[in-house]
Amino acid sequence: MLLDPPVAGEVQGLRRALGDGSLAAIGPHLTLVPPLNIAEGQLGDVLATVRSAAAAEPGPISLVLGPVLTFVPASPVLYLGAGGSEPSQLAALDRLAGAVLQGPLGRPRRWPWVPHVTVCDEVPGEEHAAAAVRALASYRTNAVFDRAVLLEQQGTRWSPLADAALGPAAVVGRGGLELEIVRGRAIGPDGAALVRGAGGELPPGAAEAPERIVLTGLMSGGTIGLAVAWWQGIPGSRLDVCVFVAPRARRQGIGRALLSALESAVGRAGWSSAFVGGHGPPEFFANSSAWVREFVPPGSTSS
């Protein structure tokens with residue numbers, strides 16, 4: 001569970017001051033599942049586990065981080081303790097941690113689970129640890145975690161591979177062909193594969209923009225749609241969107257449903273944009289929503 005700004009920047013400052021050796025390798029986070037190797041063929045089951053666990057929660061989890069504590073002498077680690085702003089919040093965190101330890105992610109824990117955010121992974125010794133604990137005994141900060149994130153190690157860096165917002169997934173078409181819509185910020189491997197299978201490619205900027213909303217459409221356990229909105233986070237700047245639907249699932253209203261859900265998600269996020277540019281067939285956007293008023297030719301760069 002990755003920390004978001006401004007708390008993430010604050011915790012990064014603590015990590016830098018304490019000499020955290022993992023500062024450049026991974027962002028500030030609260031670990032639910034320790035690092036482990038997953039076979040490529042198990043990735044679909046892992047995604048399903050993370051999404052199911054996230055959807056089972058009523059919404060974001062609010063925690064109080066701090067003070068700085070240590071696992072010394074058992075482990076040379078300094079960390080921020082994680083407590084619930086309310087008892088129900090810590091119970092939700094415990095429930096989420098148990099729910100993701102299923103299937104390929106199911107492993108016995110070596111130690112009793114202590115929810116925490118590491119701020120130094122190789123403290124030099126007990127005296128150093130004790131001094132840090134004393135100096136930062138009053139530190140507290142509030143943090144809201146709104147998604148579960150699956151990280152992948154690439155070289156020496158851990159990067160988001162997929163994620164899922166905490167809270168029930170939206171379902172369109174209950175009682176018929178039900179489309180489940182999972183919200184996140186990362187374009188998961190199944191979404192990327194769908195884009196390739198649909199004979200398209202992600203527009204420039206879709207995977208790198210600082211602000212992004214990703215909706216993954218699932219039907220009968222399979223990924224059949226992807227919708228992405230992104231912008232630079234500057235009020236009034238153009239917002240860009242794209243929608244992909246698997247060839248086998250077209251002409252069923254799935255693209256229209258994803259675009260409508262994307263418009264609603266952008267509104268809830270409070271993004272303020274004067275222009276919405278649609279990347280894809282102009283006729284799709286023209287027939288699906290009055291929200292998209294500009295059309296961006298394939299290969300064009302967002303501005």
# chains A, B, ... in the order shown; residues from 1 in each chain; ligands from 1
$ residues_around --residues "Gly221 (chain A)" --least-positions-apart "6" --cutoff "12 Å" --atoms "only C-alpha atoms" --output "number ranges by chain"
A: 44-45, 47-49, 51-52, 178-182, 190
$ write_last_selection --atoms "C-alpha atoms" --output "PDB file, in the first residue's frame"
ATOM      1  CA  GLY A  44      -3.841 -13.852 -13.500  1.00  0.00           C
ATOM      2  CA  ASP A  45      -4.643 -15.530 -10.187  1.00  0.00           C
ATOM      3  CA  LEU A  47      -4.465 -10.065 -10.000  1.00  0.00           C
ATOM      4  CA  ALA A  48      -7.781 -11.720  -9.155  1.00  0.00           C
ATOM      5  CA  THR A  49      -6.720 -12.126  -5.502  1.00  0.00           C
ATOM      6  CA  ARG A  51      -8.790  -7.170  -6.824  1.00  0.00           C
ATOM      7  CA  SER A  52     -11.095  -9.407  -4.815  1.00  0.00           C
ATOM      8  CA  GLU A 178     -22.569  -8.198 -15.825  1.00  0.00           C
ATOM      9  CA  LEU A 179     -19.598  -5.933 -16.443  1.00  0.00           C
ATOM     10  CA  GLU A 180     -17.403  -5.464 -13.372  1.00  0.00           C
ATOM     11  CA  ILE A 181     -15.337  -2.273 -13.414  1.00  0.00           C
ATOM     12  CA  VAL A 182     -12.199  -2.130 -11.240  1.00  0.00           C
ATOM     13  CA  ASP A 190      -3.967  -7.841 -18.491  1.00  0.00           C
TER      14      ASP A 190
END
$ residues_around --residues "Gly19 (chain A)" --least-positions-apart "4" --cutoff "9 Å" --atoms "only C-alpha atoms" --output "PyMOL selection string"
chain A and resi 14-15+23+119-123
$ residues_around --residues "region 104-112 of chain A" --least-positions-apart "6" --cutoff "8 Å" --atoms "only C-alpha atoms" --output "ChimeraX atom specification"
/A:33,36,38,42,45-46
$ residues_around --residues "Ala82 (chain A)" --least-positions-apart "4" --cutoff "9 Å" --atoms "only C-alpha atoms" --output "PDB file with N, CA and C atoms, in the first residue's frame"
ATOM      1  N   LEU A  30       3.382   0.488   3.031  1.00  0.00           N
ATOM      2  CA  LEU A  30       3.032  -0.465   4.082  1.00  0.00           C
ATOM      3  C   LEU A  30       2.864  -1.821   3.409  1.00  0.00           C
ATOM      4  N   LEU A  63      -5.145   5.676   8.617  1.00  0.00           N
ATOM      5  CA  LEU A  63      -4.255   5.217   9.675  1.00  0.00           C
ATOM      6  C   LEU A  63      -3.458   6.373  10.259  1.00  0.00           C
ATOM      7  N   VAL A  64      -2.989   6.179  11.471  1.00  0.00           N
ATOM      8  CA  VAL A  64      -2.045   7.088  12.099  1.00  0.00           C
ATOM      9  C   VAL A  64      -0.680   6.408  12.065  1.00  0.00           C
ATOM     10  N   LEU A  65       0.290   7.051  11.445  1.00  0.00           N
ATOM     11  CA  LEU A  65       1.646   6.510  11.360  1.00  0.00           C
ATOM     12  C   LEU A  65       2.533   7.194  12.401  1.00  0.00           C
ATOM     13  N   GLY A  66       3.316   6.403  13.122  1.00  0.00           N
ATOM     14  CA  GLY A  66       4.213   6.945  14.133  1.00  0.00           C
ATOM     15  C   GLY A  66       3.840   6.416  15.501  1.00  0.00           C
ATOM     16  N   PRO A  67       4.782   6.541  16.444  1.00  0.00           N
ATOM     17  CA  PRO A  67       6.109   7.144  16.315  1.00  0.00           C
ATOM     18  C   PRO A  67       7.084   6.194  15.623  1.00  0.00           C
ATOM     19  N   LEU A  90      -8.116  -0.206  11.782  1.00  0.00           N
ATOM     20  CA  LEU A  90      -7.072  -1.208  11.976  1.00  0.00           C
ATOM     21  C   LEU A  90      -7.621  -2.607  11.702  1.00  0.00           C
ATOM     22  N   VAL A 114       3.256  -7.207  11.899  1.00  0.00           N
ATOM     23  CA  VAL A 114       3.169  -5.902  12.552  1.00  0.00           C
ATOM     24  C   VAL A 114       3.017  -4.867  11.445  1.00  0.00           C
ATOM     25  N   PRO A 115       1.846  -4.277  11.272  1.00  0.00           N
ATOM     26  CA  PRO A 115       1.703  -3.276  10.205  1.00  0.00           C
ATOM     27  C   PRO A 115       2.603  -2.077  10.456  1.00  0.00           C
ATOM     28  N   HIS A 116       3.386  -1.711   9.440  1.00  0.00           N
ATOM     29  CA  HIS A 116       4.349  -0.634   9.633  1.00  0.00           C
ATOM     30  C   HIS A 116       4.830  -0.081   8.305  1.00  0.00           C
ATOM     31  N   VAL A 117       5.457   1.083   8.361  1.00  0.00           N
ATOM     32  CA  VAL A 117       6.118   1.699   7.208  1.00  0.00           C
ATOM     33  C   VAL A 117       7.596   1.808   7.549  1.00  0.00           C
TER      34      VAL A 117
END
$ select_by_dssp --residues "region 25-259 of chain A" --states "helix (DSSP H, G or I)" --output "PyMOL selection string"
chain A and resi 40-55+87-100+103-105+126-135+189-197+247-249+254-259
$ residues_around --residues "Leu259 (chain A)" --least-positions-apart "4" --cutoff "7 Å" --atoms "only C-alpha atoms" --output "ChimeraX atom specification"
/A:227,243,255,263
$ closest_residue --among "A:Pro282, A:Ala135, A:Gly103, A:Pro189" --to "Leu151 (chain A)" --atoms "only C-alpha atoms"
A:Pro189
$ residues_around --residues "region 160-172 of chain A" --least-positions-apart "6" --cutoff "8 Å" --atoms "only C-alpha atoms" --output "ChimeraX atom specification"
/A:47,50-51,54-60,146-152,178-189,257
$ closest_residue --among "A:Ala99, A:Ile254, A:Met1, A:Arg140" --to "Leu218 (chain A)" --atoms "only C-alpha atoms"
A:Ile254
$ select_by_dssp --residues "region 153-221 of chain A" --states "strand (DSSP E)" --output "JSON, numbers by chain"
{"A": [153, 154, 157, 158, 159, 160, 161, 162, 163, 164, 165, 170, 171, 172, 179, 180, 181, 182, 183, 184, 211, 212, 213, 214, 215, 216, 217, 218, 219]}
$ write_last_selection --atoms "C-alpha atoms" --output "PDB file, in the first residue's frame"
ATOM      1  CA  GLN A 153      11.026  -5.697  -9.127  1.00  0.00           C
ATOM      2  CA  GLN A 154      12.749  -4.435 -12.267  1.00  0.00           C
ATOM      3  CA  ARG A 157      13.695  -0.763  -8.502  1.00  0.00           C
ATOM      4  CA  TRP A 158      10.198  -1.832  -7.392  1.00  0.00           C
ATOM      5  CA  SER A 159       7.481  -0.360  -9.630  1.00  0.00           C
ATOM      6  CA  PRO A 160       3.657  -0.660  -9.665  1.00  0.00           C
ATOM      7  CA  LEU A 161       2.527  -3.476 -11.943  1.00  0.00           C
ATOM      8  CA  ALA A 162      -1.196  -3.311 -11.142  1.00  0.00           C
ATOM      9  CA  ASP A 163      -3.479  -1.974  -8.449  1.00  0.00           C
ATOM     10  CA  ALA A 164      -7.075  -1.916  -7.258  1.00  0.00           C
ATOM     11  CA  ALA A 165      -8.969   0.769  -5.373  1.00  0.00           C
ATOM     12  CA  ALA A 170     -18.874  -1.065  -9.941  1.00  0.00           C
ATOM     13  CA  VAL A 171     -21.136  -3.532 -11.736  1.00  0.00           C
ATOM     14  CA  VAL A 172     -23.057  -2.640 -14.896  1.00  0.00           C
ATOM     15  CA  LEU A 179     -19.598  -5.933 -16.443  1.00  0.00           C
ATOM     16  CA  GLU A 180     -17.403  -5.464 -13.372  1.00  0.00           C
ATOM     17  CA  ILE A 181     -15.337  -2.273 -13.414  1.00  0.00           C
ATOM     18  CA  VAL A 182     -12.199  -2.130 -11.240  1.00  0.00           C
ATOM     19  CA  ARG A 183     -10.598   1.250 -10.634  1.00  0.00           C
ATOM     20  CA  GLY A 184      -6.883   1.881 -10.164  1.00  0.00           C
ATOM     21  CA  GLU A 211      -2.420  11.945 -12.709  1.00  0.00           C
ATOM     22  CA  ARG A 212      -4.162   8.883 -14.092  1.00  0.00           C
ATOM     23  CA  ILE A 213      -7.398   6.927 -13.627  1.00  0.00           C
ATOM     24  CA  VAL A 214      -7.503   3.385 -15.001  1.00  0.00           C
ATOM     25  CA  LEU A 215     -10.716   1.366 -15.275  1.00  0.00           C
ATOM     26  CA  THR A 216     -10.441  -2.332 -16.084  1.00  0.00           C
ATOM     27  CA  GLY A 217     -13.573  -4.071 -17.355  1.00  0.00           C
ATOM     28  CA  LEU A 218     -14.048  -7.703 -16.332  1.00  0.00           C
ATOM     29  CA  MET A 219     -16.695 -10.158 -17.452  1.00  0.00           C
TER      30      MET A 219
END
$ atom_distance --atom1 "CA of Leu258 (chain A)" --atom2 "CA of Gly236 (chain A)"
23.6 Å
$ atom_distance --atom1 "CA of Val7 (chain A)" --atom2 "CA of Thr31 (chain A)"
16.4 Å
$ closest_residue --among "A:Val296, A:Gly21, A:Leu202, A:Gly9" --to "Thr156 (chain A)" --atoms "only C-alpha atoms"
A:Gly21
$ closest_residue --among "A:Leu2, A:Ala209, A:Leu69, A:Ala132" --to "Gly233 (chain A)" --atoms "only C-alpha atoms"
A:Ala209
$ decode --residues "region 156-198 of chain A" --atoms "N, CA and C atoms" --output "PDB file, in the first residue's frame"
ATOM      1  N   THR A 156      16.909  -2.995  -9.821  1.00  0.00           N
ATOM      2  CA  THR A 156      16.976  -2.692  -8.390  1.00  0.00           C
ATOM      3  C   THR A 156      15.765  -1.886  -7.921  1.00  0.00           C
ATOM      4  N   ARG A 157      14.823  -1.632  -8.803  1.00  0.00           N
ATOM      5  CA  ARG A 157      13.695  -0.763  -8.502  1.00  0.00           C
ATOM      6  C   ARG A 157      12.384  -1.539  -8.473  1.00  0.00           C
ATOM      7  N   TRP A 158      11.544  -1.262  -7.471  1.00  0.00           N
ATOM      8  CA  TRP A 158      10.198  -1.832  -7.392  1.00  0.00           C
ATOM      9  C   TRP A 158       9.208  -0.821  -7.966  1.00  0.00           C
ATOM     10  N   SER A 159       8.419  -1.254  -8.957  1.00  0.00           N
ATOM     11  CA  SER A 159       7.481  -0.360  -9.630  1.00  0.00           C
ATOM     12  C   SER A 159       6.085  -0.971  -9.626  1.00  0.00           C
ATOM     13  N   PRO A 160       5.028  -0.127  -9.617  1.00  0.00           N
ATOM     14  CA  PRO A 160       3.657  -0.660  -9.665  1.00  0.00           C
ATOM     15  C   PRO A 160       3.411  -1.438 -10.947  1.00  0.00           C
ATOM     16  N   LEU A 161       2.901  -2.643 -10.798  1.00  0.00           N
ATOM     17  CA  LEU A 161       2.527  -3.476 -11.943  1.00  0.00           C
ATOM     18  C   LEU A 161       1.021  -3.429 -12.163  1.00  0.00           C
ATOM     19  N   ALA A 162       0.261  -3.394 -11.084  1.00  0.00           N
ATOM     20  CA  ALA A 162      -1.196  -3.311 -11.142  1.00  0.00           C
ATOM     21  C   ALA A 162      -1.680  -2.846  -9.781  1.00  0.00           C
ATOM     22  N   ASP A 163      -2.917  -2.385  -9.727  1.00  0.00           N
ATOM     23  CA  ASP A 163      -3.479  -1.974  -8.449  1.00  0.00           C
ATOM     24  C   ASP A 163      -4.991  -2.075  -8.494  1.00  0.00           C
ATOM     25  N   ALA A 164      -5.623  -1.880  -7.347  1.00  0.00           N
ATOM     26  CA  ALA A 164      -7.075  -1.916  -7.258  1.00  0.00           C
ATOM     27  C   ALA A 164      -7.511  -1.014  -6.122  1.00  0.00           C
ATOM     28  N   ALA A 165      -8.461  -0.136  -6.398  1.00  0.00           N
ATOM     29  CA  ALA A 165      -8.969   0.769  -5.373  1.00  0.00           C
ATOM     30  C   ALA A 165      -9.718  -0.026  -4.312  1.00  0.00           C
ATOM     31  N   LEU A 166      -9.584   0.408  -3.059  1.00  0.00           N
ATOM     32  CA  LEU A 166     -10.319  -0.225  -1.976  1.00  0.00           C
ATOM     33  C   LEU A 166     -11.774   0.217  -2.046  1.00  0.00           C
ATOM     34  N   GLY A 167     -12.664  -0.746  -2.067  1.00  0.00           N
ATOM     35  CA  GLY A 167     -14.091  -0.459  -2.164  1.00  0.00           C
ATOM     36  C   GLY A 167     -14.728  -1.363  -3.193  1.00  0.00           C
ATOM     37  N   PRO A 168     -16.029  -1.574  -3.086  1.00  0.00           N
ATOM     38  CA  PRO A 168     -16.718  -2.465  -4.030  1.00  0.00           C
ATOM     39  C   PRO A 168     -16.536  -2.019  -5.476  1.00  0.00           C
ATOM     40  N   ALA A 169     -16.303  -2.963  -6.346  1.00  0.00           N
ATOM     41  CA  ALA A 169     -16.199  -2.654  -7.773  1.00  0.00           C
ATOM     42  C   ALA A 169     -17.579  -2.295  -8.313  1.00  0.00           C
ATOM     43  N   ALA A 170     -17.606  -1.409  -9.297  1.00  0.00           N
ATOM     44  CA  ALA A 170     -18.874  -1.065  -9.941  1.00  0.00           C
ATOM     45  C   ALA A 170     -19.303  -2.219 -10.835  1.00  0.00           C
ATOM     46  N   VAL A 171     -20.596  -2.473 -10.886  1.00  0.00           N
ATOM     47  CA  VAL A 171     -21.136  -3.532 -11.736  1.00  0.00           C
ATOM     48  C   VAL A 171     -22.227  -2.933 -12.610  1.00  0.00           C
ATOM     49  N   VAL A 172     -22.085  -3.127 -13.918  1.00  0.00           N
ATOM     50  CA  VAL A 172     -23.057  -2.640 -14.896  1.00  0.00           C
ATOM     51  C   VAL A 172     -23.768  -3.843 -15.492  1.00  0.00           C
ATOM     52  N   GLY A 173     -25.100  -3.776 -15.586  1.00  0.00           N
ATOM     53  CA  GLY A 173     -25.861  -4.852 -16.211  1.00  0.00           C
ATOM     54  C   GLY A 173     -26.166  -6.010 -15.291  1.00  0.00           C
ATOM     55  N   ARG A 174     -26.480  -5.713 -14.039  1.00  0.00           N
ATOM     56  CA  ARG A 174     -26.800  -6.793 -13.091  1.00  0.00           C
ATOM     57  C   ARG A 174     -27.993  -7.595 -13.597  1.00  0.00           C
ATOM     58  N   GLY A 175     -27.868  -8.900 -13.454  1.00  0.00           N
ATOM     59  CA  GLY A 175     -28.940  -9.794 -13.890  1.00  0.00           C
ATOM     60  C   GLY A 175     -28.801 -10.247 -15.331  1.00  0.00           C
ATOM     61  N   GLY A 176     -27.920  -9.612 -16.089  1.00  0.00           N
ATOM     62  CA  GLY A 176     -27.681 -10.005 -17.468  1.00  0.00           C
ATOM     63  C   GLY A 176     -26.218 -10.290 -17.667  1.00  0.00           C
ATOM     64  N   LEU A 177     -25.628  -9.667 -18.701  1.00  0.00           N
ATOM     65  CA  LEU A 177     -24.188  -9.750 -18.899  1.00  0.00           C
ATOM     66  C   LEU A 177     -23.538  -8.710 -17.993  1.00  0.00           C
ATOM     67  N   GLU A 178     -23.085  -9.138 -16.818  1.00  0.00           N
ATOM     68  CA  GLU A 178     -22.569  -8.198 -15.825  1.00  0.00           C
ATOM     69  C   GLU A 178     -21.136  -7.797 -16.144  1.00  0.00           C
ATOM     70  N   LEU A 179     -20.931  -6.489 -16.226  1.00  0.00           N
ATOM     71  CA  LEU A 179     -19.598  -5.933 -16.443  1.00  0.00           C
ATOM     72  C   LEU A 179     -19.106  -5.386 -15.112  1.00  0.00           C
ATOM     73  N   GLU A 180     -18.010  -5.939 -14.600  1.00  0.00           N
ATOM     74  CA  GLU A 180     -17.403  -5.464 -13.372  1.00  0.00           C
ATOM     75  C   GLU A 180     -16.291  -4.483 -13.735  1.00  0.00           C
ATOM     76  N   ILE A 181     -16.306  -3.316 -13.098  1.00  0.00           N
ATOM     77  CA  ILE A 181     -15.337  -2.273 -13.414  1.00  0.00           C
ATOM     78  C   ILE A 181     -14.465  -2.020 -12.193  1.00  0.00           C
ATOM     79  N   VAL A 182     -13.172  -2.305 -12.323  1.00  0.00           N
ATOM     80  CA  VAL A 182     -12.199  -2.130 -11.240  1.00  0.00           C
ATOM     81  C   VAL A 182     -11.406  -0.860 -11.497  1.00  0.00           C
ATOM     82  N   ARG A 183     -11.332  -0.002 -10.489  1.00  0.00           N
ATOM     83  CA  ARG A 183     -10.598   1.250 -10.634  1.00  0.00           C
ATOM     84  C   ARG A 183      -9.199   1.140 -10.049  1.00  0.00           C
ATOM     85  N   GLY A 184      -8.245   1.796 -10.677  1.00  0.00           N
ATOM     86  CA  GLY A 184      -6.883   1.881 -10.164  1.00  0.00           C
ATOM     87  C   GLY A 184      -6.164   3.041 -10.824  1.00  0.00           C
ATOM     88  N   ARG A 185      -4.829   3.029 -10.697  1.00  0.00           N
ATOM     89  CA  ARG A 185      -4.014   4.056 -11.355  1.00  0.00           C
ATOM     90  C   ARG A 185      -2.987   3.447 -12.307  1.00  0.00           C
ATOM     91  N   ALA A 186      -2.733   2.154 -12.157  1.00  0.00           N
ATOM     92  CA  ALA A 186      -1.742   1.468 -12.997  1.00  0.00           C
ATOM     93  C   ALA A 186      -2.442   0.668 -14.085  1.00  0.00           C
ATOM     94  N   ILE A 187      -1.870   0.675 -15.276  1.00  0.00           N
ATOM     95  CA  ILE A 187      -2.383  -0.158 -16.371  1.00  0.00           C
ATOM     96  C   ILE A 187      -1.789  -1.546 -16.178  1.00  0.00           C
ATOM     97  N   GLY A 188      -2.605  -2.485 -15.716  1.00  0.00           N
ATOM     98  CA  GLY A 188      -2.123  -3.814 -15.384  1.00  0.00           C
ATOM     99  C   GLY A 188      -1.690  -4.606 -16.598  1.00  0.00           C
ATOM    100  N   PRO A 189      -1.006  -5.717 -16.380  1.00  0.00           N
ATOM    101  CA  PRO A 189      -0.549  -6.531 -17.511  1.00  0.00           C
ATOM    102  C   PRO A 189      -1.693  -7.083 -18.342  1.00  0.00           C
ATOM    103  N   ASP A 190      -2.832  -7.355 -17.711  1.00  0.00           N
ATOM    104  CA  ASP A 190      -3.967  -7.841 -18.491  1.00  0.00           C
ATOM    105  C   ASP A 190      -4.540  -6.720 -19.356  1.00  0.00           C
ATOM    106  N   GLY A 191      -4.536  -5.481 -18.836  1.00  0.00           N
ATOM    107  CA  GLY A 191      -4.989  -4.358 -19.638  1.00  0.00           C
ATOM    108  C   GLY A 191      -4.064  -4.093 -20.810  1.00  0.00           C
ATOM    109  N   ALA A 192      -2.752  -4.177 -20.575  1.00  0.00           N
ATOM    110  CA  ALA A 192      -1.780  -3.969 -21.653  1.00  0.00           C
ATOM    111  C   ALA A 192      -1.926  -5.052 -22.722  1.00  0.00           C
ATOM    112  N   ALA A 193      -2.169  -6.294 -22.288  1.00  0.00           N
ATOM    113  CA  ALA A 193      -2.358  -7.394 -23.244  1.00  0.00           C
ATOM    114  C   ALA A 193      -3.631  -7.184 -24.060  1.00  0.00           C
ATOM    115  N   LEU A 194      -4.676  -6.661 -23.409  1.00  0.00           N
ATOM    116  CA  LEU A 194      -5.920  -6.409 -24.140  1.00  0.00           C
ATOM    117  C   LEU A 194      -5.701  -5.368 -25.237  1.00  0.00           C
ATOM    118  N   VAL A 195      -4.944  -4.309 -24.925  1.00  0.00           N
ATOM    119  CA  VAL A 195      -4.666  -3.270 -25.923  1.00  0.00           C
ATOM    120  C   VAL A 195      -3.954  -3.876 -27.121  1.00  0.00           C
ATOM    121  N   ARG A 196      -2.958  -4.726 -26.857  1.00  0.00           N
ATOM    122  CA  ARG A 196      -2.238  -5.364 -27.965  1.00  0.00           C
ATOM    123  C   ARG A 196      -3.175  -6.272 -28.753  1.00  0.00           C
ATOM    124  N   GLY A 197      -4.021  -7.024 -28.057  1.00  0.00           N
ATOM    125  CA  GLY A 197      -4.941  -7.934 -28.732  1.00  0.00           C
ATOM    126  C   GLY A 197      -6.002  -7.214 -29.541  1.00  0.00           C
ATOM    127  N   ALA A 198      -6.306  -5.971 -29.143  1.00  0.00           N
ATOM    128  CA  ALA A 198      -7.296  -5.184 -29.872  1.00  0.00           C
ATOM    129  C   ALA A 198      -6.672  -4.491 -31.085  1.00  0.00           C
TER     130      ALA A 198
END
